[in-house]
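Data from protein_39.cif: mmCIF, C-alpha atoms
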data_query
#
loop_
_atom_site.group_PDB
_atom_site.id
_atom_site.type_symbol
_atom_site.label_atom_id
_atom_site.label_comp_id
_atom_site.auth_asym_id
_atom_site.auth_seq_id
_atom_site.Cartn_x
_atom_site.Cartn_y
_atom_site.Cartn_z
ATOM 1 C CA MET W 1 -24.830 -25.600 22.650
ATOM 2 C CA ALA W 2 -22.293 -23.219 21.150
ATOM 3 C CA PRO W 3 -23.862 -20.200 19.475
ATOM 4 C CA SER W 4 -24.122 -20.373 15.704
ATOM 5 C CA ILE W 5 -21.372 -18.831 13.630
ATOM 6 C CA VAL W 6 -22.713 -16.046 11.425
ATOM 7 C CA GLN W 7 -20.406 -16.845 8.509
ATOM 8 C CA ASP W 8 -21.632 -20.451 8.426
ATOM 9 C CA HIS W 9 -24.985 -19.069 7.312
ATOM 10 C CA TYR W 10 -23.948 -16.695 4.545
ATOM 11 C CA PRO W 11 -25.592 -17.769 1.284
ATOM 12 C CA GLU W 12 -23.560 -20.355 -0.590
ATOM 13 C CA SER W 13 -22.879 -17.941 -3.481
ATOM 14 C CA PHE W 14 -21.584 -15.206 -1.192
ATOM 15 C CA ALA W 15 -19.286 -17.052 1.168
ATOM 16 C CA HIS W 16 -16.000 -16.440 -0.687
ATOM 17 C CA CYS W 17 -14.604 -13.538 1.322
ATOM 18 C CA TYR W 18 -10.865 -13.709 1.953
ATOM 19 C CA GLY W 19 -11.421 -12.579 5.523
ATOM 20 C CA CYS W 20 -14.324 -14.745 6.548
ATOM 21 C CA GLY W 21 -15.659 -16.882 3.709
ATOM 22 C CA ARG W 22 -15.954 -20.589 4.375
ATOM 23 C CA GLN W 23 -15.442 -21.150 0.638
ATOM 24 C CA ASN W 24 -12.136 -19.269 0.399
ATOM 25 C CA ASP W 25 -9.473 -21.952 0.815
ATOM 26 C CA LEU W 26 -6.659 -19.442 1.235
ATOM 27 C CA GLY W 27 -8.508 -16.990 3.447
ATOM 28 C CA LEU W 28 -8.574 -16.177 7.133
ATOM 29 C CA HIS W 29 -11.883 -17.833 8.060
ATOM 30 C CA LEU W 30 -12.898 -15.393 10.760
ATOM 31 C CA ARG W 31 -15.841 -16.724 12.764
ATOM 32 C CA SER W 32 -18.228 -14.425 14.621
ATOM 33 C CA ALA W 33 -20.952 -15.336 17.116
ATOM 34 C CA TRP W 34 -23.104 -13.778 19.793
ATOM 35 C CA GLU W 35 -21.821 -13.762 23.376
ATOM 36 C CA GLY W 36 -24.612 -12.060 25.329
ATOM 37 C CA ASP W 37 -25.119 -8.598 23.856
ATOM 38 C CA GLU W 38 -21.872 -8.583 21.884
ATOM 39 C CA VAL W 39 -20.783 -10.324 18.737
ATOM 40 C CA VAL W 40 -17.352 -11.804 19.377
ATOM 41 C CA ALA W 41 -14.613 -13.287 17.193
ATOM 42 C CA ARG W 42 -11.239 -14.726 18.103
ATOM 43 C CA PHE W 43 -8.344 -14.975 15.698
ATOM 44 C CA ALA W 44 -4.807 -16.319 15.890
ATOM 45 C CA PRO W 45 -2.562 -14.274 13.577
ATOM 46 C CA ARG W 46 -0.162 -16.275 11.439
ATOM 47 C CA PRO W 47 3.585 -15.708 11.860
ATOM 48 C CA GLU W 48 3.679 -13.737 8.600
ATOM 49 C CA HIS W 49 1.011 -11.280 9.783
ATOM 50 C CA VAL W 50 3.540 -8.825 11.163
ATOM 51 C CA SER W 51 4.086 -5.113 10.650
ATOM 52 C CA LEU W 52 7.386 -4.963 12.470
ATOM 53 C CA PRO W 53 8.934 -8.031 14.087
ATOM 54 C CA GLY W 54 6.783 -9.132 17.028
ATOM 55 C CA PHE W 55 3.771 -6.960 16.207
ATOM 56 C CA VAL W 56 0.587 -7.648 14.305
ATOM 57 C CA TYR W 57 0.183 -6.011 10.921
ATOM 58 C CA GLY W 58 -2.402 -3.202 11.003
ATOM 59 C CA GLY W 59 -3.898 -4.326 7.707
ATOM 60 C CA LEU W 60 -4.852 -7.623 9.319
ATOM 61 C CA LEU W 61 -6.579 -5.796 12.161
ATOM 62 C CA ALA W 62 -8.445 -3.623 9.650
ATOM 63 C CA SER W 63 -9.444 -6.725 7.685
ATOM 64 C CA LEU W 64 -10.745 -8.573 10.733
ATOM 65 C CA ILE W 65 -12.621 -5.489 11.945
ATOM 66 C CA ASP W 66 -14.217 -5.170 8.508
ATOM 67 C CA CYS W 67 -15.424 -8.765 8.329
ATOM 68 C CA HIS W 68 -16.483 -8.915 11.954
ATOM 69 C CA ALA W 69 -18.534 -5.759 11.484
ATOM 70 C CA MET W 70 -20.411 -7.278 8.536
ATOM 71 C CA ALA W 71 -21.193 -10.345 10.631
ATOM 72 C CA THR W 72 -22.288 -8.151 13.550
ATOM 73 C CA ALA W 73 -24.622 -6.186 11.277
ATOM 74 C CA ALA W 74 -26.112 -9.428 9.992
ATOM 75 C CA ALA W 75 -26.533 -10.907 13.475
ATOM 76 C CA HIS W 76 -28.098 -7.677 14.729
ATOM 77 C CA VAL W 77 -30.729 -7.397 12.023
ATOM 78 C CA GLU W 78 -31.578 -11.054 12.517
ATOM 79 C CA ARG W 79 -32.060 -10.552 16.251
ATOM 80 C CA VAL W 80 -34.153 -7.417 15.731
ATOM 81 C CA ALA W 81 -36.332 -9.446 13.362
ATOM 82 C CA GLY W 82 -36.756 -12.063 16.056
ATOM 83 C CA ARG W 83 -34.516 -14.677 14.475
ATOM 84 C CA GLU W 84 -31.488 -16.468 15.846
ATOM 85 C CA VAL W 85 -28.344 -16.851 13.734
ATOM 86 C CA GLY W 86 -28.914 -19.986 11.685
ATOM 87 C CA ASP W 87 -32.703 -19.728 11.506
ATOM 88 C CA ALA W 88 -32.265 -18.468 7.944
ATOM 89 C CA GLU W 89 -29.499 -17.445 5.561
ATOM 90 C CA ALA W 90 -27.603 -14.555 7.121
ATOM 91 C CA PRO W 91 -28.119 -11.212 5.367
ATOM 92 C CA ARG W 92 -25.020 -10.150 3.479
ATOM 93 C CA TYR W 93 -23.704 -6.684 4.260
ATOM 94 C CA VAL W 94 -20.837 -4.809 2.626
ATOM 95 C CA THR W 95 -18.662 -2.024 3.983
ATOM 96 C CA ALA W 96 -19.371 1.586 3.130
ATOM 97 C CA ALA W 97 -16.783 3.062 5.505
ATOM 98 C CA LEU W 98 -14.154 1.661 7.821
ATOM 99 C CA HIS W 99 -12.348 3.519 10.573
ATOM 100 C CA VAL W 100 -9.663 2.058 12.805
ATOM 101 C CA ASP W 101 -7.818 3.757 15.660
ATOM 102 C CA PHE W 102 -4.601 1.965 16.560
ATOM 103 C CA LEU W 103 -4.205 2.687 20.257
ATOM 104 C CA ARG W 104 -0.914 0.882 20.795
ATOM 105 C CA PRO W 105 1.170 -1.778 19.045
ATOM 106 C CA THR W 106 -0.577 -5.178 18.996
ATOM 107 C CA PRO W 107 1.816 -7.898 20.144
ATOM 108 C CA LEU W 108 2.001 -11.068 18.049
ATOM 109 C CA GLY W 109 1.390 -14.265 19.990
ATOM 110 C CA ASP W 110 -1.935 -14.008 21.772
ATOM 111 C CA ASP W 111 -5.271 -14.589 20.126
ATOM 112 C CA LEU W 112 -6.960 -11.386 19.077
ATOM 113 C CA VAL W 113 -10.437 -10.886 20.493
ATOM 114 C CA LEU W 114 -12.917 -8.654 18.686
ATOM 115 C CA ARG W 115 -16.038 -7.530 20.584
ATOM 116 C CA ALA W 116 -18.644 -5.630 18.621
ATOM 117 C CA ARG W 117 -22.009 -3.912 19.045
ATOM 118 C CA VAL W 118 -24.331 -2.044 16.748
ATOM 119 C CA VAL W 119 -24.452 1.592 17.843
ATOM 120 C CA GLU W 120 -26.712 3.082 15.178
ATOM 121 C CA THR W 121 -29.068 1.949 12.470
ATOM 122 C CA GLY W 122 -30.527 3.949 9.605
ATOM 123 C CA ARG W 123 -32.906 3.115 6.795
ATOM 124 C CA ARG W 124 -30.237 0.902 5.250
ATOM 125 C CA LYS W 125 -27.012 1.431 7.147
ATOM 126 C CA VAL W 126 -25.884 -0.300 10.291
ATOM 127 C CA VAL W 127 -23.031 1.246 12.294
ATOM 128 C CA VAL W 128 -20.870 -1.158 14.268
ATOM 129 C CA ARG W 129 -18.321 -0.263 16.917
ATOM 130 C CA MET W 130 -15.786 -2.722 18.309
ATOM 131 C CA THR W 131 -12.665 -3.237 20.341
ATOM 132 C CA VAL W 132 -9.674 -5.448 19.594
ATOM 133 C CA THR W 133 -7.732 -6.882 22.508
ATOM 134 C CA ALA W 134 -4.568 -8.966 22.619
ATOM 135 C CA GLY W 135 -3.533 -10.605 25.866
ATOM 136 C CA GLY W 136 -6.378 -8.733 27.586
ATOM 137 C CA GLU W 137 -5.118 -5.317 26.529
ATOM 138 C CA GLU W 138 -7.117 -3.157 24.145
ATOM 139 C CA THR W 139 -4.930 -2.280 21.179
ATOM 140 C CA ALA W 140 -7.369 -1.020 18.540
ATOM 141 C CA ARG W 141 -10.906 0.267 18.068
ATOM 142 C CA GLY W 142 -12.999 0.108 14.963
ATOM 143 C CA GLU W 143 -16.112 1.791 13.655
ATOM 144 C CA VAL W 144 -17.652 0.477 10.486
ATOM 145 C CA VAL W 145 -20.654 1.487 8.393
ATOM 146 C CA ALA W 146 -22.332 -1.534 6.825
ATOM 147 C CA VAL W 147 -24.948 -1.457 4.071
ATOM 148 C CA PRO W 148 -26.875 -4.297 2.433
ATOM 149 C CA MET W 149 -25.019 -5.860 -0.484
ATOM 150 C CA PRO W 150 -25.963 -3.936 -3.649
ATOM 151 C CA GLU W 151 -27.601 -5.803 -6.503
ATOM 152 C CA SER W 152 -24.626 -4.835 -8.700
ATOM 153 C CA MET W 153 -22.571 -7.298 -6.634
ATOM 154 C CA GLY W 154 -24.766 -10.185 -7.651
ATOM 155 C CA ARG W 155 -27.571 -10.228 -5.122
ATOM 156 C CA ALA W 156 -30.441 -12.321 -6.333
ATOM 157 C CA SER W 157 -33.230 -9.959 -7.409
ATOM 158 C CA MET Y 1 15.839 5.998 -14.343
ATOM 159 C CA ALA Y 2 12.809 4.655 -12.531
ATOM 160 C CA PRO Y 3 12.147 6.408 -9.231
ATOM 161 C CA SER Y 4 13.322 4.596 -6.127
ATOM 162 C CA ILE Y 5 10.887 2.371 -4.281
ATOM 163 C CA VAL Y 6 10.354 3.590 -0.714
ATOM 164 C CA GLN Y 7 10.063 0.087 0.730
ATOM 165 C CA ASP Y 8 13.444 -0.889 -0.724
ATOM 166 C CA HIS Y 9 14.979 1.575 1.703
ATOM 167 C CA TYR Y 10 13.276 0.654 4.947
ATOM 168 C CA PRO Y 11 15.888 -0.378 7.498
ATOM 169 C CA GLU Y 12 16.810 -4.058 7.249
ATOM 170 C CA SER Y 13 15.354 -4.787 10.702
ATOM 171 C CA PHE Y 14 12.017 -3.167 9.901
ATOM 172 C CA ALA Y 15 11.206 -4.526 6.467
ATOM 173 C CA HIS Y 16 9.028 -7.470 7.508
ATOM 174 C CA CYS Y 17 5.576 -5.980 6.990
ATOM 175 C CA TYR Y 18 3.044 -8.391 5.497
ATOM 176 C CA GLY Y 19 1.761 -5.626 3.240
ATOM 177 C CA CYS Y 20 4.988 -4.132 1.985
ATOM 178 C CA GLY Y 21 8.052 -5.697 3.566
ATOM 179 C CA ARG Y 22 10.705 -7.001 1.194
ATOM 180 C CA GLN Y 23 11.650 -9.541 3.889
ATOM 181 C CA ASN Y 24 8.164 -11.054 4.246
ATOM 182 C CA ASP Y 25 8.176 -14.046 1.899
ATOM 183 C CA LEU Y 26 4.410 -14.574 2.160
ATOM 184 C CA GLY Y 27 3.418 -10.918 2.017
ATOM 185 C CA LEU Y 28 1.996 -8.595 -0.602
ATOM 186 C CA HIS Y 29 5.176 -6.621 -1.409
ATOM 187 C CA LEU Y 30 3.489 -3.330 -2.158
ATOM 188 C CA ARG Y 31 5.910 -0.905 -3.812
ATOM 189 C CA SER Y 32 5.451 2.859 -3.607
ATOM 190 C CA ALA Y 33 7.326 5.576 -5.498
ATOM 191 C CA TRP Y 34 7.045 9.235 -6.416
ATOM 192 C CA GLU Y 35 5.312 10.144 -9.674
ATOM 193 C CA GLY Y 36 5.503 13.940 -9.762
ATOM 194 C CA ASP Y 37 3.754 15.290 -6.687
ATOM 195 C CA GLU Y 38 2.052 12.023 -5.809
ATOM 196 C CA VAL Y 39 3.301 8.787 -4.341
ATOM 197 C CA VAL Y 40 1.903 5.966 -6.442
ATOM 198 C CA ALA Y 41 1.638 2.182 -6.041
ATOM 199 C CA ARG Y 42 0.149 -0.423 -8.330
ATOM 200 C CA PHE Y 43 -1.017 -3.815 -7.142
ATOM 201 C CA ALA Y 44 -2.480 -6.879 -8.826
ATOM 202 C CA PRO Y 45 -4.866 -8.619 -6.413
ATOM 203 C CA ARG Y 46 -4.562 -12.395 -6.223
ATOM 204 C CA PRO Y 47 -7.568 -14.530 -7.185
ATOM 205 C CA GLU Y 48 -8.268 -15.275 -3.521
ATOM 206 C CA HIS Y 49 -8.476 -11.570 -2.614
ATOM 207 C CA VAL Y 50 -12.234 -11.409 -3.115
ATOM 208 C CA SER Y 51 -15.089 -10.214 -0.918
ATOM 209 C CA LEU Y 52 -17.855 -11.526 -3.127
ATOM 210 C CA PRO Y 53 -17.111 -13.332 -6.401
ATOM 211 C CA GLY Y 54 -15.603 -10.873 -8.891
ATOM 212 C CA PHE Y 55 -14.911 -8.095 -6.398
ATOM 213 C CA VAL Y 56 -11.837 -7.159 -4.402
ATOM 214 C CA TYR Y 57 -11.907 -7.767 -0.653
ATOM 215 C CA GLY Y 58 -12.168 -4.503 1.299
ATOM 216 C CA GLY Y 59 -9.596 -5.664 3.814
ATOM 217 C CA LEU Y 60 -7.019 -5.835 1.038
ATOM 218 C CA LEU Y 61 -7.817 -2.265 0.019
ATOM 219 C CA ALA Y 62 -7.502 -1.152 3.633
ATOM 220 C CA SER Y 63 -4.190 -2.991 3.953
ATOM 221 C CA LEU Y 64 -2.741 -1.454 0.799
ATOM 222 C CA ILE Y 65 -3.961 2.012 1.812
ATOM 223 C CA ASP Y 66 -2.306 1.562 5.190
ATOM 224 C CA CYS Y 67 1.090 0.521 3.812
ATOM 225 C CA HIS Y 68 1.053 3.035 0.981
ATOM 226 C CA ALA Y 69 0.312 5.809 3.451
ATOM 227 C CA MET Y 70 3.340 4.870 5.571
ATOM 228 C CA ALA Y 71 5.515 4.971 2.454
ATOM 229 C CA THR Y 72 4.005 8.304 1.425
ATOM 230 C CA ALA Y 73 4.732 9.767 4.843
ATOM 231 C CA ALA Y 74 8.321 8.555 4.626
ATOM 232 C CA ALA Y 75 8.807 9.883 1.085
ATOM 233 C CA HIS Y 76 7.281 13.216 2.067
ATOM 234 C CA VAL Y 77 9.483 13.834 5.075
ATOM 235 C CA GLU Y 78 12.503 12.857 3.005
ATOM 236 C CA ARG Y 79 11.580 15.339 0.286
ATOM 237 C CA VAL Y 80 10.915 18.106 2.802
ATOM 238 C CA ALA Y 81 14.373 17.424 4.249
ATOM 239 C CA GLY Y 82 15.865 17.789 0.772
ATOM 240 C CA ARG Y 83 16.562 14.102 0.251
ATOM 241 C CA GLU Y 84 15.462 11.773 -2.514
ATOM 242 C CA VAL Y 85 14.147 8.309 -1.692
ATOM 243 C CA GLY Y 86 17.228 6.112 -1.462
ATOM 244 C CA ASP Y 87 19.605 8.819 -0.278
ATOM 245 C CA ALA Y 88 19.283 7.326 3.195
ATOM 246 C CA GLU Y 89 17.268 4.700 5.033
ATOM 247 C CA ALA Y 90 13.591 5.589 4.769
ATOM 248 C CA PRO Y 91 12.018 6.729 8.031
ATOM 249 C CA ARG Y 92 9.629 4.116 9.392
ATOM 250 C CA TYR Y 93 6.140 5.335 10.185
ATOM 251 C CA VAL Y 94 3.294 3.419 11.799
ATOM 252 C CA THR Y 95 -0.448 3.970 11.572
ATOM 253 C CA ALA Y 96 -2.328 5.837 14.294
ATOM 254 C CA ALA Y 97 -5.662 5.956 12.446
ATOM 255 C CA LEU Y 98 -6.978 4.588 9.182
ATOM 256 C CA HIS Y 99 -10.165 5.622 7.413
ATOM 257 C CA VAL Y 100 -11.453 4.125 4.183
ATOM 258 C CA ASP Y 101 -14.561 5.118 2.248
ATOM 259 C CA PHE Y 102 -15.648 2.415 -0.162
ATOM 260 C CA LEU Y 103 -17.319 4.363 -2.964
ATOM 261 C CA ARG Y 104 -18.379 1.425 -5.105
ATOM 262 C CA PRO Y 105 -17.476 -2.248 -5.508
ATOM 263 C CA THR Y 106 -13.903 -2.734 -6.776
ATOM 264 C CA PRO Y 107 -13.873 -5.210 -9.679
ATOM 265 C CA LEU Y 108 -11.263 -7.956 -9.575
ATOM 266 C CA GLY Y 109 -9.063 -8.139 -12.656
ATOM 267 C CA ASP Y 110 -7.444 -4.765 -13.215
ATOM 268 C CA ASP Y 111 -4.418 -3.543 -11.352
ATOM 269 C CA LEU Y 112 -5.287 -1.295 -8.456
ATOM 270 C CA VAL Y 113 -3.651 2.129 -8.549
ATOM 271 C CA LEU Y 114 -3.121 4.064 -5.320
ATOM 272 C CA ARG Y 115 -2.290 7.781 -5.585
ATOM 273 C CA ALA Y 116 -1.405 9.566 -2.379
ATOM 274 C CA ARG Y 117 -0.485 12.995 -1.061
ATOM 275 C CA VAL Y 118 0.319 14.396 2.326
ATOM 276 C CA VAL Y 119 -2.425 16.857 3.289
ATOM 277 C CA GLU Y 120 -1.331 17.849 6.778
ATOM 278 C CA THR Y 121 1.684 17.580 9.027
ATOM 279 C CA GLY Y 122 1.936 18.132 12.750
ATOM 280 C CA ARG Y 123 4.781 17.982 15.207
ATOM 281 C CA ARG Y 124 4.910 14.226 14.756
ATOM 282 C CA LYS Y 125 1.938 13.148 12.695
ATOM 283 C CA VAL Y 126 1.674 13.103 8.934
ATOM 284 C CA VAL Y 127 -1.806 12.878 7.389
ATOM 285 C CA VAL Y 128 -2.026 11.149 4.014
ATOM 286 C CA ARG Y 129 -4.998 11.129 1.660
ATOM 287 C CA MET Y 130 -5.305 8.839 -1.331
ATOM 288 C CA THR Y 131 -7.510 7.419 -4.018
ATOM 289 C CA VAL Y 132 -7.762 3.845 -5.233
ATOM 290 C CA THR Y 133 -8.749 3.239 -8.831
ATOM 291 C CA ALA Y 134 -9.425 0.015 -10.743
ATOM 292 C CA GLY Y 135 -9.745 0.131 -14.517
ATOM 293 C CA GLY Y 136 -9.566 3.913 -14.316
ATOM 294 C CA GLU Y 137 -12.571 4.208 -12.011
ATOM 295 C CA GLU Y 138 -12.192 5.475 -8.464
ATOM 296 C CA THR Y 139 -13.554 2.873 -6.078
ATOM 297 C CA ALA Y 140 -12.179 3.876 -2.672
ATOM 298 C CA ARG Y 141 -10.614 6.780 -0.784
ATOM 299 C CA GLY Y 142 -8.360 6.601 2.213
ATOM 300 C CA GLU Y 143 -7.149 8.963 4.893
ATOM 301 C CA VAL Y 144 -4.440 7.798 7.223
ATOM 302 C CA VAL Y 145 -2.646 9.342 10.185
ATOM 303 C CA ALA Y 146 0.992 8.232 10.340
ATOM 304 C CA VAL Y 147 3.330 8.713 13.299
ATOM 305 C CA PRO Y 148 7.002 7.828 13.676
ATOM 306 C CA MET Y 149 7.570 4.274 14.843
ATOM 307 C CA PRO Y 150 7.597 4.279 18.678
ATOM 308 C CA GLU Y 151 10.658 3.040 20.500
ATOM 309 C CA SER Y 152 8.516 0.310 22.061
ATOM 310 C CA MET Y 153 8.394 -1.305 18.648
ATOM 311 C CA GLY Y 154 12.117 -1.729 18.506
ATOM 312 C CA ARG Y 155 13.425 1.504 17.065
ATOM 313 C CA ALA Y 156 17.132 1.884 17.615
ATOM 314 C CA SER Y 157 17.651 4.458 20.331
#
Starting from the file, lay out its structure as structure tokens.
Amino acid sequence: MAPSIVQDHYPESFAHCYGCGRQNDLGLHLRSAWEGDEVVARFAPRPEHVSLPGFVYGGLLASLIDCHAMATAAAHVERVAGREVGDAEAPRYVTAALHVDFLRPTPLGDDLVLRARVVETGRRKVVVRMTVTAGGEETARGEVVAVPMPESMGRAS
Amino acid sequence: MAPSIVQDHYPESFAHCYGCGRQNDLGLHLRSAWEGDEVVARFAPRPEHVSLPGFVYGGLLASLIDCHAMATAAAHVERVAGREVGDAEAPRYVTAALHVDFLRPTPLGDDLVLRARVVETGRRKVVVRMTVTAGGEETARGEVVAVPMPESMGRAS
């Protein structure tokens, strides 16, 4: 059985994200799932997602890293709590800080593969580190600080 | 006379960026120009650019910060060389590193305003720092390291 997709289990009211929300008709629909000890997502950039002709736009990479990190944080806290993705609604994290190092130009054409792990947890924050590869070559690295969605964003009290 | 838009002067062959390229029909068309000592861009998010309902998607903010930083780097090196934007083709920078701090949720509805300055220059790199405000409130800060476009990306030799 294929592992459950984290974003399939975001609460109905909070599944509108342009990057990964199943309820955003115009969005990117990134899908993240456990593969062993990593949370992995694959994404095929659209032809318009270019920076310069033939290369993937850095803003897309930053966007995917952001969404994939939130899913990784959610999957991690579920696993630590002894739950599998899909056992309950996935906890909804938001980004406090996003850092991306662009190691080399990312060619357009191959699927992008994002592989992420949690490297630190605090009282609230979860720090996620990941790589982005295209055609097997690592082109970018991301580090993202996730925090639980604040109540000011609509979280049910 | 309104100040010249940096992105209007990117070389014809390198104006395809999804975030700011005038030749990308499906892109965001960010436009950056000097206002005094800052390079400023304004952007109206589309309804689909949400993270959670009512709030702007962080990946969009990261994307705009990225493109605006490249334009700021280009405008800065032009000014240092004694040229105004539009006197020549704008130099094309690419992103080596991108950092965004999300200070608070960014409400959807108001135009976003990005105000940027160069804070450091090296032999090749240009470091840009900026704020993002929505409805007059600062919601995010960015710091971006720009480097000249490498020849591997198609720069004319």
If we count all atoms listed in the file and set the cut-off at 6 Å, which residues sit around Val94 of chain W, ignoring sequence neighbours fewer than 3 positions away in its own chain? Please answer as an mmCIF file with C-alpha atoms, keeping the file's coordinate frame.
data_model
loop_
_atom_site.group_PDB
_atom_site.id
_atom_site.type_symbol
_atom_site.label_atom_id
_atom_site.label_comp_id
_atom_site.auth_asym_id
_atom_site.auth_seq_id
_atom_site.Cartn_x
_atom_site.Cartn_y
_atom_site.Cartn_z
ATOM 1 C CA ALA W 146 -22.332 -1.534 6.825
ATOM 2 C CA VAL W 147 -24.948 -1.457 4.071
ATOM 3 C CA MET W 149 -25.019 -5.860 -0.484
#
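Put simply, the PyMOL selection byres ((chain W) within 6 of (chain Y)) in this file takes in W:Phe14, W:His16, W:Cys17, W:Tyr18, W:His49, W:Val50, W:Ser51, W:Leu52, W:Gly59, W:Ser63, W:Ala96, W:Ala97, W:Leu98, W:His99, W:Val100, W:Asp101, W:Phe102.
Proximity to segment 77-86 of chain Y at 10 Å, evaluated using all atoms listed in the file and with sequence-adjacent residues fewer than 2 positions away removed, yields Pro3, Ser4, Ile5, Val6, Gln7, Asp8, His9, Tyr10, Ala33, Trp34, Thr72, Ala73, Ala74, Ala75, Ala88, Glu89, Ala90, Pro91, Val118, Thr121 and Val126 of chain Y.
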Atoms kept (C-alpha atoms) for selection, written as an mmCIF file, keeping the file's coordinate frame:
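So part_6.cif came out as:
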data_model
loop_
_atom_site.group_PDB
_atom_site.id
_atom_site.type_symbol
_atom_site.label_atom_id
_atom_site.label_comp_id
_atom_site.auth_asym_id
_atom_site.auth_seq_id
_atom_site.Cartn_x
_atom_site.Cartn_y
_atom_site.Cartn_z
ATOM 1 C CA PRO Y 3 12.147 6.408 -9.231
ATOM 2 C CA SER Y 4 13.322 4.596 -6.127
ATOM 3 C CA ILE Y 5 10.887 2.371 -4.281
ATOM 4 C CA VAL Y 6 10.354 3.590 -0.714
ATOM 5 C CA GLN Y 7 10.063 0.087 0.730
ATOM 6 C CA ASP Y 8 13.444 -0.889 -0.724
ATOM 7 C CA HIS Y 9 14.979 1.575 1.703
ATOM 8 C CA TYR Y 10 13.276 0.654 4.947
ATOM 9 C CA ALA Y 33 7.326 5.576 -5.498
ATOM 10 C CA TRP Y 34 7.045 9.235 -6.416
ATOM 11 C CA THR Y 72 4.005 8.304 1.425
ATOM 12 C CA ALA Y 73 4.732 9.767 4.843
ATOM 13 C CA ALA Y 74 8.321 8.555 4.626
ATOM 14 C CA ALA Y 75 8.807 9.883 1.085
ATOM 15 C CA ALA Y 88 19.283 7.326 3.195
ATOM 16 C CA GLU Y 89 17.268 4.700 5.033
ATOM 17 C CA ALA Y 90 13.591 5.589 4.769
ATOM 18 C CA PRO Y 91 12.018 6.729 8.031
ATOM 19 C CA VAL Y 118 0.319 14.396 2.326
ATOM 20 C CA THR Y 121 1.684 17.580 9.027
ATOM 21 C CA VAL Y 126 1.674 13.103 8.934
#
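The interatomic distance for the pair atom CA of Phe43 of chain W and atom CA of Ala134 of chain W works out to 9.9 Å.
On the file presented, the PyMOL selection byres ((chain W and resi 135) around 12) picks out Arg42, Ala44, Thr106, Pro107, Leu108, Gly109, Asp110, Asp111, Leu112, Val113, Leu114, Val132, Thr133, Ala134, Gly136, Glu137, Glu138 and Thr139 of chain W.
Atom to atom, atom CA of Val127 of chain W and atom CA of Ala71 of chain W stand 11.9 Å apart.
With atom CA of Ser32 of chain Y on one side and atom CA of Asp87 of chain Y on the other, the separation reads 15.7 Å.
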Can you sort out segment 7-20 of chain Y so it carries N, CA and C atoms, written as a JSON list (two decimals), keeping the file's coordinate frame?
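Saved as selection-v2.json:
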[["chain", "number", "residue", "atom", "x", "y", "z"],
["Y", 7, "GLN", "N", 9.92, 1.28, -0.12],
["Y", 7, "GLN", "CA", 10.06, 0.09, 0.73],
["Y", 7, "GLN", "C", 11.42, -0.60, 0.57],
["Y", 8, "ASP", "N", 12.10, -0.33, -0.55],
["Y", 8, "ASP", "CA", 13.44, -0.89, -0.72],
["Y", 8, "ASP", "C", 14.44, -0.26, 0.25],
["Y", 9, "HIS", "N", 14.04, 0.85, 0.85],
["Y", 9, "HIS", "CA", 14.98, 1.58, 1.70],
["Y", 9, "HIS", "C", 14.55, 1.61, 3.17],
["Y", 10, "TYR", "N", 13.56, 0.81, 3.52],
["Y", 10, "TYR", "CA", 13.28, 0.65, 4.95],
["Y", 10, "TYR", "C", 14.48, -0.06, 5.58],
["Y", 11, "PRO", "N", 14.76, 0.29, 6.84],
["Y", 11, "PRO", "CA", 15.89, -0.38, 7.50],
["Y", 11, "PRO", "C", 15.71, -1.91, 7.49],
["Y", 12, "GLU", "N", 16.81, -2.59, 7.35],
["Y", 12, "GLU", "CA", 16.81, -4.06, 7.25],
["Y", 12, "GLU", "C", 15.98, -4.72, 8.36],
["Y", 13, "SER", "N", 16.06, -4.18, 9.56],
["Y", 13, "SER", "CA", 15.35, -4.79, 10.70],
["Y", 13, "SER", "C", 13.87, -4.49, 10.71],
["Y", 14, "PHE", "N", 13.43, -3.58, 9.87],
["Y", 14, "PHE", "CA", 12.02, -3.17, 9.90],
["Y", 14, "PHE", "C", 11.40, -3.26, 8.51],
["Y", 15, "ALA", "N", 11.71, -4.34, 7.83],
["Y", 15, "ALA", "CA", 11.21, -4.53, 6.47],
["Y", 15, "ALA", "C", 10.47, -5.86, 6.37],
["Y", 16, "HIS", "N", 9.71, -6.17, 7.43],
["Y", 16, "HIS", "CA", 9.03, -7.47, 7.51],
["Y", 16, "HIS", "C", 7.52, -7.36, 7.35],
["Y", 17, "CYS", "N", 7.03, -6.18, 7.02],
["Y", 17, "CYS", "CA", 5.58, -5.98, 6.99],
["Y", 17, "CYS", "C", 4.91, -6.90, 5.97],
["Y", 18, "TYR", "N", 3.79, -7.51, 6.40],
["Y", 18, "TYR", "CA", 3.04, -8.39, 5.50],
["Y", 18, "TYR", "C", 2.59, -7.63, 4.24],
["Y", 19, "GLY", "N", 2.26, -6.37, 4.40],
["Y", 19, "GLY", "CA", 1.76, -5.63, 3.24],
["Y", 19, "GLY", "C", 2.84, -5.14, 2.30],
["Y", 20, "CYS", "N", 4.01, -4.81, 2.84],
["Y", 20, "CYS", "CA", 4.99, -4.13, 1.98],
["Y", 20, "CYS", "C", 6.44, -4.46, 2.30]]
